[in-house]
Amino acid sequence: MPGPAELGVPVTIWPGLSAPVAGHSPAACPGPVTAAAAARAITAFSRPGDLVAAPDGSPAVIEAAAAAGRRVLGLIPAGEHAVTGLPASAAPAARLRPGGPGRLLAPGDPDAGQAALAITGCHGPGCCSPEPGGGDDPALVYAACQRVLAPGGVLAVITASRADGGQLADLAGHAVAAARAAGLVYAQHIVLVHAAIDGDHLTPDPAATAPASRAGGTQIHSDLLVFTKP
């Protein structure tokens, strides 16, 4: 798939963000949405009091949105009964709905068209995120995001490429195709650099260089793909 430059999409760099921590194996996919990345996206693409949706029930998104003074809608995937690890301070702002993202597609759903921002991670083939819902059908996830967003609302998808058996999987390209198929517009590509930039030197985040973090190399960046609802 053509890159953001070929598609006329502006590219931005956000340095100094913490790297995702590896999941259950060294071959884990580029990983869940981190609290730091979620917080940065929430500050950039929403305002205090806005509704932020976590279509896969990500604790990092729910906690970061509540801490930033946003209302939060967390969609708990089918088979999951609760989101664990949330601080008590997040509870008043967070509303958790069971049933996963598919619940938003029901006619007349009261949450349709209400969110200013939705944040999710990797979904579909090639993704093995430890987040709840990491393996959901991407068409369902992006249709639900399109449904929950208000006109002009933003979907932020955080992912990265991974290499399996010498083959590079373009997860960002798959995410762009799925989101566009759901009727969302690819508006911006942000490179999340998991390192501090000092002149012409990079100092990687320790999590990025940990032996279990990546098989075959260091994950120095992730991709934040920004889509808007017309």
# chains A, B, ... in the order shown; residues from 1 in each chain; ligands from 1
>>> residues_around(residues="Arg47 in chain A", least_positions_apart="2", cutoff="10 Å", atoms="only C-alpha atoms", output="count of residues only")
13
>>> closest_residue(among="A:Ile119, A:Ala65, A:Val141, A:Val148", to="Gly102 in chain A", atoms="only C-alpha atoms")
A:Val141
>>> closest_residue(among="A:Gly74, A:Pro55, A:Gly121, A:Gly199", to="Pro101 in chain A", atoms="only C-alpha atoms")
A:Pro55
>>> residues_around(residues="Gly100 in chain A", least_positions_apart="5", cutoff="7 Å", atoms="only C-alpha atoms", output="list in words")
Asp56, Leu75, Ile76, Pro77 and Ala78 of chain A
>>> write_last_selection(atoms="N, CA and C atoms", output="PDB file, in the first residue's frame")
ATOM      1  N   ASP A  56     -11.987  -1.211  22.537  1.00  0.00           N
ATOM      2  CA  ASP A  56     -11.570  -2.537  22.980  1.00  0.00           C
ATOM      3  C   ASP A  56     -11.379  -2.594  24.490  1.00  0.00           C
ATOM      4  N   LEU A  75     -15.784  -0.120  25.922  1.00  0.00           N
ATOM      5  CA  LEU A  75     -16.565  -1.242  25.411  1.00  0.00           C
ATOM      6  C   LEU A  75     -15.851  -2.539  25.779  1.00  0.00           C
ATOM      7  N   ILE A  76     -16.418  -3.288  26.685  1.00  0.00           N
ATOM      8  CA  ILE A  76     -15.785  -4.495  27.198  1.00  0.00           C
ATOM      9  C   ILE A  76     -16.074  -5.649  26.248  1.00  0.00           C
ATOM     10  N   PRO A  77     -15.049  -6.289  25.700  1.00  0.00           N
ATOM     11  CA  PRO A  77     -15.259  -7.351  24.712  1.00  0.00           C
ATOM     12  C   PRO A  77     -16.088  -8.505  25.254  1.00  0.00           C
ATOM     13  N   ALA A  78     -16.791  -9.177  24.346  1.00  0.00           N
ATOM     14  CA  ALA A  78     -17.578 -10.340  24.725  1.00  0.00           C
ATOM     15  C   ALA A  78     -16.687 -11.359  25.426  1.00  0.00           C
TER      16      ALA A  78
END
>>> residues_around(residues="Pro110 in chain A", least_positions_apart="6", cutoff="12 Å", atoms="only C-alpha atoms", output="mmCIF file with N, CA and C atoms, in the first residue's frame")
data_model
loop_
_atom_site.group_PDB
_atom_site.id
_atom_site.type_symbol
_atom_site.label_atom_id
_atom_site.label_comp_id
_atom_site.auth_asym_id
_atom_site.auth_seq_id
_atom_site.Cartn_x
_atom_site.Cartn_y
_atom_site.Cartn_z
ATOM 1 N N LEU A 73 -16.039 6.157 27.521
ATOM 2 C CA LEU A 73 -16.890 5.005 27.208
ATOM 3 C C LEU A 73 -15.975 3.832 26.889
ATOM 4 N N ARG A 97 -19.337 -0.625 29.057
ATOM 5 C CA ARG A 97 -20.438 -1.375 28.461
ATOM 6 C C ARG A 97 -19.946 -2.752 28.019
ATOM 7 N N ARG A 103 -21.775 -3.908 19.848
ATOM 8 C CA ARG A 103 -22.992 -3.354 20.459
ATOM 9 C C ARG A 103 -23.342 -1.981 19.901
ATOM 10 N N LEU A 104 -22.328 -1.245 19.443
ATOM 11 C CA LEU A 104 -22.576 0.104 18.928
ATOM 12 C C LEU A 104 -23.318 0.099 17.593
ATOM 13 N N ARG A 147 -19.178 4.594 13.990
ATOM 14 C CA ARG A 147 -20.523 4.759 14.537
ATOM 15 C C ARG A 147 -20.522 5.631 15.788
ATOM 16 N N VAL A 148 -19.540 5.442 16.687
ATOM 17 C CA VAL A 148 -19.541 6.161 17.955
ATOM 18 C C VAL A 148 -19.072 7.601 17.808
ATOM 19 N N LEU A 149 -18.286 7.903 16.767
ATOM 20 C CA LEU A 149 -17.753 9.251 16.609
ATOM 21 C C LEU A 149 -18.810 10.244 16.144
#
>>> atom_distance(atom1="CA of Ala181 in chain A", atom2="CA of Ala139 in chain A")
7.9 Å
>>> closest_residue(among="A:Ala53, A:Val33, A:Ala66, A:Cys145", to="Ala178 in chain A", atoms="only C-alpha atoms")
A:Cys145
>>> residues_around(residues="Thr203 in chain A", least_positions_apart="6", cutoff="10 Å", atoms="only C-alpha atoms", output="list in words")
Gly16, His194, Ala195, Ala196, Ile197 and Ile220 of chain A
